[in-house]
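To be precise, the following lines are data_12.txt, and they hold compact mmCIF, C-alpha atoms and all ligand atoms.
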```txt
# COMPACT_ATOMS: atom_id res chain seq x y z
CA MET A 1441 -76.50 67.32 -25.44
CA GLY A 1442 -75.06 65.62 -28.44
CA ARG A 1443 -78.19 65.07 -30.50
CA GLN A 1444 -77.53 64.58 -34.19
CA ASN A 1445 -80.91 65.97 -35.17
CA PRO A 1446 -83.34 68.34 -33.51
CA ASN A 1447 -86.65 67.31 -31.98
CA ILE A 1448 -89.57 69.42 -33.14
CA VAL A 1449 -92.98 69.84 -31.50
CA ILE A 1450 -95.86 70.65 -33.82
CA THR A 1451 -98.74 71.91 -31.75
CA GLY A 1452 -101.95 73.90 -32.04
CA THR A 1453 -105.70 73.56 -31.65
CA PRO A 1454 -107.23 70.39 -33.13
CA GLY A 1455 -107.85 70.91 -36.86
CA VAL A 1456 -105.08 73.46 -37.48
CA GLY A 1457 -103.06 70.97 -39.52
CA LYS A 1458 -100.61 69.34 -37.10
CA THR A 1459 -100.81 65.87 -38.64
CA THR A 1460 -100.64 67.24 -42.18
CA HIS A 1461 -97.49 69.21 -41.32
CA ALA A 1462 -95.88 66.54 -39.13
CA GLU A 1463 -96.24 63.88 -41.83
CA GLN A 1464 -94.78 66.08 -44.57
CA ILE A 1465 -91.94 67.43 -42.45
CA ALA A 1466 -91.05 63.95 -41.19
CA ARG A 1467 -91.07 62.56 -44.73
CA SER A 1468 -88.94 65.30 -46.22
CA LEU A 1469 -86.38 65.28 -43.41
CA GLY A 1470 -86.39 61.53 -42.75
CA PHE A 1471 -87.53 62.19 -39.17
CA THR A 1472 -89.91 60.03 -37.12
CA HIS A 1473 -93.46 61.32 -36.78
CA MET A 1474 -94.61 60.66 -33.24
CA SER A 1475 -98.35 61.16 -32.98
CA ILE A 1476 -98.98 61.44 -29.25
CA ASN A 1477 -102.69 60.85 -29.69
CA GLN A 1478 -101.97 57.58 -31.46
CA ILE A 1479 -99.53 56.43 -28.76
CA VAL A 1480 -101.96 57.31 -25.96
CA LYS A 1481 -104.67 55.33 -27.73
CA ASP A 1482 -102.56 52.34 -28.82
CA GLU A 1483 -100.65 51.92 -25.57
CA GLY A 1484 -103.63 52.72 -23.35
CA PHE A 1485 -101.86 55.61 -21.60
CA HIS A 1486 -105.14 57.11 -20.46
CA GLU A 1487 -107.86 56.84 -17.89
CA GLY A 1488 -110.74 56.92 -20.35
CA LYS A 1489 -112.28 59.79 -22.23
CA ASP A 1490 -113.60 63.08 -21.04
CA GLU A 1491 -117.30 62.51 -21.79
CA GLU A 1492 -118.12 66.04 -22.83
CA LEU A 1493 -114.98 66.87 -24.75
CA GLY A 1494 -114.33 63.43 -26.18
CA SER A 1495 -110.58 63.77 -25.52
CA TRP A 1496 -108.36 61.30 -23.66
CA ILE A 1497 -107.57 61.81 -19.99
CA VAL A 1498 -103.87 61.15 -20.45
CA ASP A 1499 -101.61 59.32 -18.00
CA GLU A 1500 -98.67 61.69 -18.49
CA ASP A 1501 -96.16 59.68 -16.44
CA LYS A 1502 -96.65 56.58 -18.58
CA LEU A 1503 -96.52 58.64 -21.75
CA LEU A 1504 -93.27 60.37 -20.77
CA ASP A 1505 -91.65 57.08 -19.67
CA HIS A 1506 -92.56 55.64 -23.05
CA ILE A 1507 -91.04 58.57 -24.95
CA GLU A 1508 -87.94 58.52 -22.78
CA ALA A 1509 -87.34 54.91 -23.78
CA THR A 1510 -87.22 55.84 -27.49
CA PRO A 1511 -84.12 57.34 -29.17
CA LEU A 1512 -85.80 60.77 -29.05
CA PRO A 1513 -83.81 62.16 -26.09
CA SER A 1514 -80.45 60.86 -27.30
CA THR A 1515 -80.35 60.94 -31.10
CA GLY A 1516 -83.24 63.33 -31.89
CA GLY A 1517 -84.96 63.50 -35.25
CA TYR A 1518 -88.52 63.28 -33.94
CA ILE A 1519 -91.61 65.30 -34.78
CA LEU A 1520 -93.94 65.34 -31.79
CA ASP A 1521 -97.50 66.01 -32.86
CA TRP A 1522 -99.99 66.94 -30.15
CA HIS A 1523 -102.54 69.54 -29.10
CA ALA A 1524 -100.54 70.24 -25.94
CA CYS A 1525 -96.86 70.90 -25.43
CA ASP A 1526 -96.16 71.84 -21.84
CA LEU A 1527 -95.49 68.33 -20.60
CA PHE A 1528 -92.44 67.63 -22.76
CA PRO A 1529 -89.26 68.43 -20.80
CA GLU A 1530 -87.43 71.43 -22.24
CA ARG A 1531 -84.20 69.45 -22.59
CA TRP A 1532 -85.84 67.19 -25.21
CA ILE A 1533 -87.13 69.95 -27.43
CA ASP A 1534 -85.28 72.11 -29.95
CA LEU A 1535 -88.14 73.81 -31.82
CA VAL A 1536 -91.83 74.36 -31.07
CA VAL A 1537 -94.06 75.14 -34.05
CA VAL A 1538 -97.47 76.51 -33.11
CA LEU A 1539 -99.83 76.31 -36.07
CA ARG A 1540 -102.57 78.91 -36.31
CA CYS A 1541 -105.67 78.93 -38.44
CA ASP A 1542 -108.28 81.43 -39.49
CA THR A 1543 -111.39 80.83 -37.35
CA THR A 1544 -113.90 80.37 -40.17
CA THR A 1545 -111.58 77.83 -41.82
CA LEU A 1546 -111.08 76.04 -38.51
CA TYR A 1547 -114.83 75.97 -37.91
CA ASP A 1548 -115.33 74.27 -41.28
CA ARG A 1549 -112.56 71.74 -40.63
CA LEU A 1550 -113.88 70.83 -37.18
CA THR A 1551 -117.51 70.52 -38.23
CA ALA A 1552 -116.38 68.37 -41.19
CA ARG A 1553 -114.76 66.14 -38.58
CA GLY A 1554 -118.05 65.86 -36.74
CA TYR A 1555 -117.23 68.17 -33.82
CA LYS A 1556 -120.25 69.87 -32.34
CA GLY A 1557 -121.63 71.33 -29.12
CA LYS A 1558 -119.19 71.91 -26.30
CA LYS A 1559 -116.30 70.17 -28.04
CA LEU A 1560 -116.58 72.46 -31.06
CA GLU A 1561 -117.06 75.54 -28.89
CA GLU A 1562 -114.10 74.84 -26.62
CA ASN A 1563 -111.75 74.24 -29.52
CA MET A 1564 -112.88 77.39 -31.33
CA ASP A 1565 -112.38 79.38 -28.11
CA ALA A 1566 -108.94 77.85 -27.66
CA GLU A 1567 -107.89 79.07 -31.11
CA ILE A 1568 -109.38 82.53 -30.63
CA MET A 1569 -107.70 82.90 -27.22
CA GLN A 1570 -104.46 81.45 -28.65
CA VAL A 1571 -104.23 79.02 -25.76
CA LEU A 1572 -101.58 76.81 -27.37
CA LEU A 1573 -99.37 79.75 -28.32
CA GLU A 1574 -99.45 80.99 -24.73
CA GLU A 1575 -98.75 77.49 -23.42
CA ALA A 1576 -95.75 77.17 -25.74
CA ARG A 1577 -94.41 80.60 -24.76
CA GLU A 1578 -94.76 79.80 -21.07
CA SER A 1579 -93.10 76.41 -21.38
CA TYR A 1580 -90.15 77.04 -23.71
CA ARG A 1581 -87.53 79.66 -24.45
CA GLU A 1582 -88.91 82.42 -26.63
CA GLU A 1583 -86.30 81.82 -29.36
CA ILE A 1584 -87.46 78.27 -30.03
CA VAL A 1585 -91.20 79.01 -30.33
CA VAL A 1586 -92.47 79.89 -33.81
CA GLU A 1587 -96.02 80.66 -34.84
CA LEU A 1588 -96.92 79.63 -38.40
CA ARG A 1589 -100.13 80.02 -40.40
CA SER A 1590 -101.97 76.98 -41.67
CA ASP A 1591 -104.95 78.38 -43.57
CA GLY A 1592 -104.31 76.90 -47.02
CA VAL A 1593 -102.21 74.34 -48.87
CA GLU A 1594 -99.67 76.97 -49.92
CA ASP A 1595 -98.97 77.61 -46.22
CA VAL A 1596 -97.96 73.96 -45.76
CA GLU A 1597 -95.37 74.24 -48.53
CA GLY A 1598 -93.96 77.49 -47.15
CA ASN A 1599 -93.85 76.13 -43.61
CA LEU A 1600 -92.09 72.99 -44.78
CA GLU A 1601 -89.39 75.10 -46.42
CA ARG A 1602 -88.99 77.22 -43.29
CA VAL A 1603 -88.60 74.18 -41.05
CA GLU A 1604 -86.14 72.54 -43.46
CA GLU A 1605 -84.07 75.72 -43.46
CA TRP A 1606 -84.21 75.89 -39.67
CA VAL A 1607 -83.05 72.26 -39.40
CA ARG A 1608 -80.12 72.99 -41.76
CA LYS A 1609 -79.06 75.85 -39.50
CA TRP A 1610 -79.50 73.74 -36.37
CA ARG A 1611 -77.28 71.05 -37.85
CA GLU A 1612 -74.61 73.60 -38.73
CA GLU A 1613 -74.68 75.11 -35.26
CA ASN A 1614 -74.67 71.75 -33.52
CA ARG A 1615 -72.30 69.97 -35.87
CA GLY A 1616 -69.75 67.85 -34.13
CA GLU A 1617 -71.52 67.67 -30.79
CA GLY A 1618 -72.88 64.21 -31.34
CA GLU A 1619 -70.49 62.97 -33.97
CA GLU A 1620 -67.09 64.21 -32.95
CA GLU A 1621 -65.35 61.27 -34.50
CA GLU A 1622 -66.50 62.49 -37.90
CA GLU A 1623 -64.88 65.88 -37.49
CA GLU A 1624 -61.64 66.09 -39.51
P1 LIG A 1701 -104.73 68.37 -36.68
O1 LIG A 1701 -103.71 67.26 -36.74
O2 LIG A 1701 -104.15 69.65 -36.19
O3 LIG A 1701 -105.99 68.02 -35.97
P2 LIG A 1701 -105.06 67.81 -39.52
O4 LIG A 1701 -103.69 67.84 -40.08
O5 LIG A 1701 -105.68 66.49 -39.25
O6 LIG A 1701 -105.14 68.72 -38.19
O7 LIG A 1701 -105.97 68.67 -40.48
C1 LIG A 1701 -107.38 68.77 -40.33
C2 LIG A 1701 -108.01 68.92 -41.70
O8 LIG A 1701 -107.67 70.17 -42.26
C3 LIG A 1701 -107.55 67.87 -42.71
O9 LIG A 1701 -108.63 67.55 -43.55
C4 LIG A 1701 -106.47 68.59 -43.49
O10 LIG A 1701 -106.35 68.11 -44.79
C5 LIG A 1701 -106.95 70.02 -43.47
N1 LIG A 1701 -105.84 70.98 -43.44
C6 LIG A 1701 -104.97 71.13 -42.42
N2 LIG A 1701 -104.09 72.11 -42.69
C7 LIG A 1701 -104.41 72.60 -43.91
C8 LIG A 1701 -103.89 73.64 -44.72
N3 LIG A 1701 -102.84 74.40 -44.33
N4 LIG A 1701 -104.47 73.86 -45.91
C9 LIG A 1701 -105.52 73.13 -46.31
N5 LIG A 1701 -106.07 72.13 -45.59
C10 LIG A 1701 -105.53 71.87 -44.39
```

Spell out the structure here as structure tokens.
Ligand code: ADP
Amino acid sequence: MGRQNPNIVITGTPGVGKTTHAEQIARSLGFTHMSINQIVKDEGFHEGKDEELGSWIVDEDKLLDHIEATPLPSTGGYILDWHACDLFPERWIDLVVVLRCDTTTLYDRLTARGYKGKKLEENMDAEIMQVLLEEARESYREEIVVELRSDGVEDVEGNLERVEEWVRKWREENRGEGEEEEEE
């Protein structure tokens, strides 16, 4: 496909640490952090909020058209950060990181964020039932889906190193595809 850098999805239940990881990984690799939630909100790619859950009812066609118009599909180097992953076409994505978190820790993070009632319950259930991991496994090739822990700060550092190492390998394996003129 000729991308110079891989595109990486960071997904998981709200509160697992997607933004924390996406920001750090993007900074250390010089990639672009694409927060889907932010885009949906800023560009108005939604049909309002789900009253009970407080989450956006996303207009996926508009969102995908918007992403397609960025350099993401051609040059790569994007970190897609969202609590869903099955809508991104497989051809855009090189790695899917599913972050997982201990349930008591997640409960504390979500209540600190003001989640309560049904919204809190549904998100806790989603983590316990590993909904995002299943979604990732159903949507992408097994080899590109990795599950990483995000319980404490030390996990973030370890995960960052793992992703950096993975990107180094990806570049080696894909060297030349997008920059043939630089070969020799
Ligand atoms: P998400 O983007 O998945 O909703 P955030 O990155 O916003 O999650 O993290 C939610 C909260 O949990 C933040 O206060 C963040 O600092 C904290 N947090 C996330 N991951 C970790 C971690 N691995 N160790 C310690 N704190 C974390």

Neighbour list for Val1596 of chain A as a VMD selection string, cut-off 12 Å, all atoms listed in the file, skip fewer than 3 positions in-chain: chain A and resid 1456 to 1465 1539 to 1541 1588 to 1593 1599 to 1603

Ligand LIG 1701 (chain A): axis-aligned bounding box, 8 Å on each side, centre and edge lengths in Å, one decimal, as JSON:
```
{"center_x": -105.7, "center_y": 70.4, "center_z": -41.1, "size_x": 21.8, "size_y": 23.9, "size_z": 26.3}
```

With all atoms listed in the file as the atoms that count, which of A:Val1607, A:Leu1520, A:Leu1546, A:Leu1493 lies nearest to ligand LIG 1701 (chain A)? A:Leu1546

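If all atoms listed in the file are the atoms counted, then among A:Leu1550, A:Ile1497, A:Cys1525, A:Leu1560 the closest residue to Arg1577 of chain A is A:Cys1525.
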
Neighbouring residues of Met1474 of chain A were defined as those with any atom within 12 Å, considering only C-alpha atoms; residues of the same chain fewer than 3 positions away were excluded. Please report them as a ChimeraX atom specification. /A:1447-1450,1458-1459,1462-1463,1465-1466,1471,1477-1480,1503,1506-1507,1510-1512,1516-1522

Spatial sel., origin (-110.5, 78.2, -38.6), limit 8 Å, only C-alpha atoms, listed as a list in words: Gly1455, Val1456, Cys1541, Asp1542, Thr1543, Thr1544, Thr1545, Leu1546, Tyr1547, Asp1548, Arg1549, Met1564, Glu1567 and Asp1591 of chain A

Could you check the closest approach to ligand LIG 1701 (chain A) for each of A:Gln1570, A:Thr1453, A:Asn1563, A:Thr1515 and tell me which residue wins, using all atoms listed in the file?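 Among the listed residues, A:Thr1453 lies closest to ligand LIG 1701 (chain A).
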
Ranking A:Asp1505, A:Trp1610, A:Pro1454, A:Glu1483 by minimum distance to Arg1553 of chain A and counting all atoms listed in the file, which one comes first?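 Using all atoms listed in the file, the shortest distance to Arg1553 of chain A belongs to A:Pro1454.
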
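Proximity ranking of A:Asp1526, A:Ala1552, A:Thr1472, A:Asp1499 relative to ligand LIG 1701 (chain A) places A:Ala1552 first, based on only C-alpha atoms and all ligand atoms.
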
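With all atoms listed in the file as the atoms that count, the residue of A:Glu1508, A:Gly1470, A:His1523, A:Ile1584 with the shortest distance to Trp1496 of chain A is A:His1523.
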
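Here atom CA of Ile1568 of chain A and atom CA of Asp1490 of chain A stand 22.1 Å from one another.
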
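The interatomic distance for the pair atom CA of Ser1475 of chain A and atom CA of Glu1500 of chain A works out to 14.5 Å.
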
Mind giving me the straight-line distance from atom CA of Ile1476 of chain A to atom CA of Val1498 of chain A in Å, one decimal?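 Going from atom CA of Ile1476 of chain A over to atom CA of Val1498 of chain A, I get 10.1 Å.
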
Completion of segment 1559-1584 of chain A up to N, CA and C atoms, as a CSV table (one decimal), in the coordinates of the input:
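Saved file selection-v9.csv follows:
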```csv
chain,number,residue,atom,x,y,z
A,1559,LYS,N,-117.6,70.5,-27.5
A,1559,LYS,CA,-116.3,70.2,-28.0
A,1559,LYS,C,-115.9,71.2,-29.1
A,1560,LEU,N,-116.8,71.5,-30.0
A,1560,LEU,CA,-116.6,72.5,-31.1
A,1560,LEU,C,-116.3,73.8,-30.5
A,1561,GLU,N,-117.2,74.2,-29.5
A,1561,GLU,CA,-117.1,75.5,-28.9
A,1561,GLU,C,-115.7,75.7,-28.2
A,1562,GLU,N,-115.3,74.7,-27.4
A,1562,GLU,CA,-114.1,74.8,-26.6
A,1562,GLU,C,-112.9,74.9,-27.5
A,1563,ASN,N,-112.9,74.2,-28.6
A,1563,ASN,CA,-111.8,74.2,-29.5
A,1563,ASN,C,-111.7,75.6,-30.3
A,1564,MET,N,-112.9,76.1,-30.7
A,1564,MET,CA,-112.9,77.4,-31.3
A,1564,MET,C,-112.4,78.5,-30.4
A,1565,ASP,N,-112.8,78.4,-29.1
A,1565,ASP,CA,-112.4,79.4,-28.1
A,1565,ASP,C,-110.9,79.3,-27.9
A,1566,ALA,N,-110.4,78.1,-27.9
A,1566,ALA,CA,-108.9,77.8,-27.7
A,1566,ALA,C,-108.1,78.5,-28.8
A,1567,GLU,N,-108.6,78.4,-30.0
A,1567,GLU,CA,-107.9,79.1,-31.1
A,1567,GLU,C,-108.0,80.6,-31.0
A,1568,ILE,N,-109.2,81.1,-30.7
A,1568,ILE,CA,-109.4,82.5,-30.6
A,1568,ILE,C,-108.5,83.1,-29.5
A,1569,MET,N,-108.5,82.4,-28.4
A,1569,MET,CA,-107.7,82.9,-27.2
A,1569,MET,C,-106.2,82.5,-27.3
A,1570,GLN,N,-105.8,81.9,-28.4
A,1570,GLN,CA,-104.5,81.4,-28.6
A,1570,GLN,C,-103.8,80.7,-27.5
A,1571,VAL,N,-104.6,79.8,-26.9
A,1571,VAL,CA,-104.2,79.0,-25.8
A,1571,VAL,C,-102.9,78.3,-26.0
A,1572,LEU,N,-102.8,77.6,-27.1
A,1572,LEU,CA,-101.6,76.8,-27.4
A,1572,LEU,C,-100.3,77.7,-27.5
A,1573,LEU,N,-100.5,78.8,-28.1
A,1573,LEU,CA,-99.4,79.8,-28.3
A,1573,LEU,C,-98.9,80.2,-26.9
A,1574,GLU,N,-99.8,80.6,-26.1
A,1574,GLU,CA,-99.4,81.0,-24.7
A,1574,GLU,C,-98.8,79.8,-24.0
A,1575,GLU,N,-99.3,78.6,-24.1
A,1575,GLU,CA,-98.8,77.5,-23.4
A,1575,GLU,C,-97.3,77.3,-23.9
A,1576,ALA,N,-97.1,77.4,-25.2
A,1576,ALA,CA,-95.8,77.2,-25.7
A,1576,ALA,C,-94.8,78.2,-25.2
A,1577,ARG,N,-95.3,79.5,-25.2
A,1577,ARG,CA,-94.4,80.6,-24.8
A,1577,ARG,C,-94.1,80.5,-23.3
A,1578,GLU,N,-95.0,79.9,-22.5
A,1578,GLU,CA,-94.8,79.8,-21.1
A,1578,GLU,C,-93.8,78.6,-20.8
A,1579,SER,N,-93.8,77.6,-21.7
A,1579,SER,CA,-93.1,76.4,-21.4
A,1579,SER,C,-91.7,76.4,-22.0
A,1580,TYR,N,-91.4,77.1,-23.0
A,1580,TYR,CA,-90.2,77.0,-23.7
A,1580,TYR,C,-89.5,78.4,-23.9
A,1581,ARG,N,-88.2,78.4,-24.2
A,1581,ARG,CA,-87.5,79.7,-24.4
A,1581,ARG,C,-88.1,80.3,-25.7
A,1582,GLU,N,-88.3,81.6,-25.6
A,1582,GLU,CA,-88.9,82.4,-26.6
A,1582,GLU,C,-88.3,82.1,-28.0
A,1583,GLU,N,-87.0,82.0,-28.1
A,1583,GLU,CA,-86.3,81.8,-29.4
A,1583,GLU,C,-86.7,80.5,-30.1
A,1584,ILE,N,-87.2,79.5,-29.3
A,1584,ILE,CA,-87.5,78.3,-30.0
A,1584,ILE,C,-88.9,78.1,-30.4
```
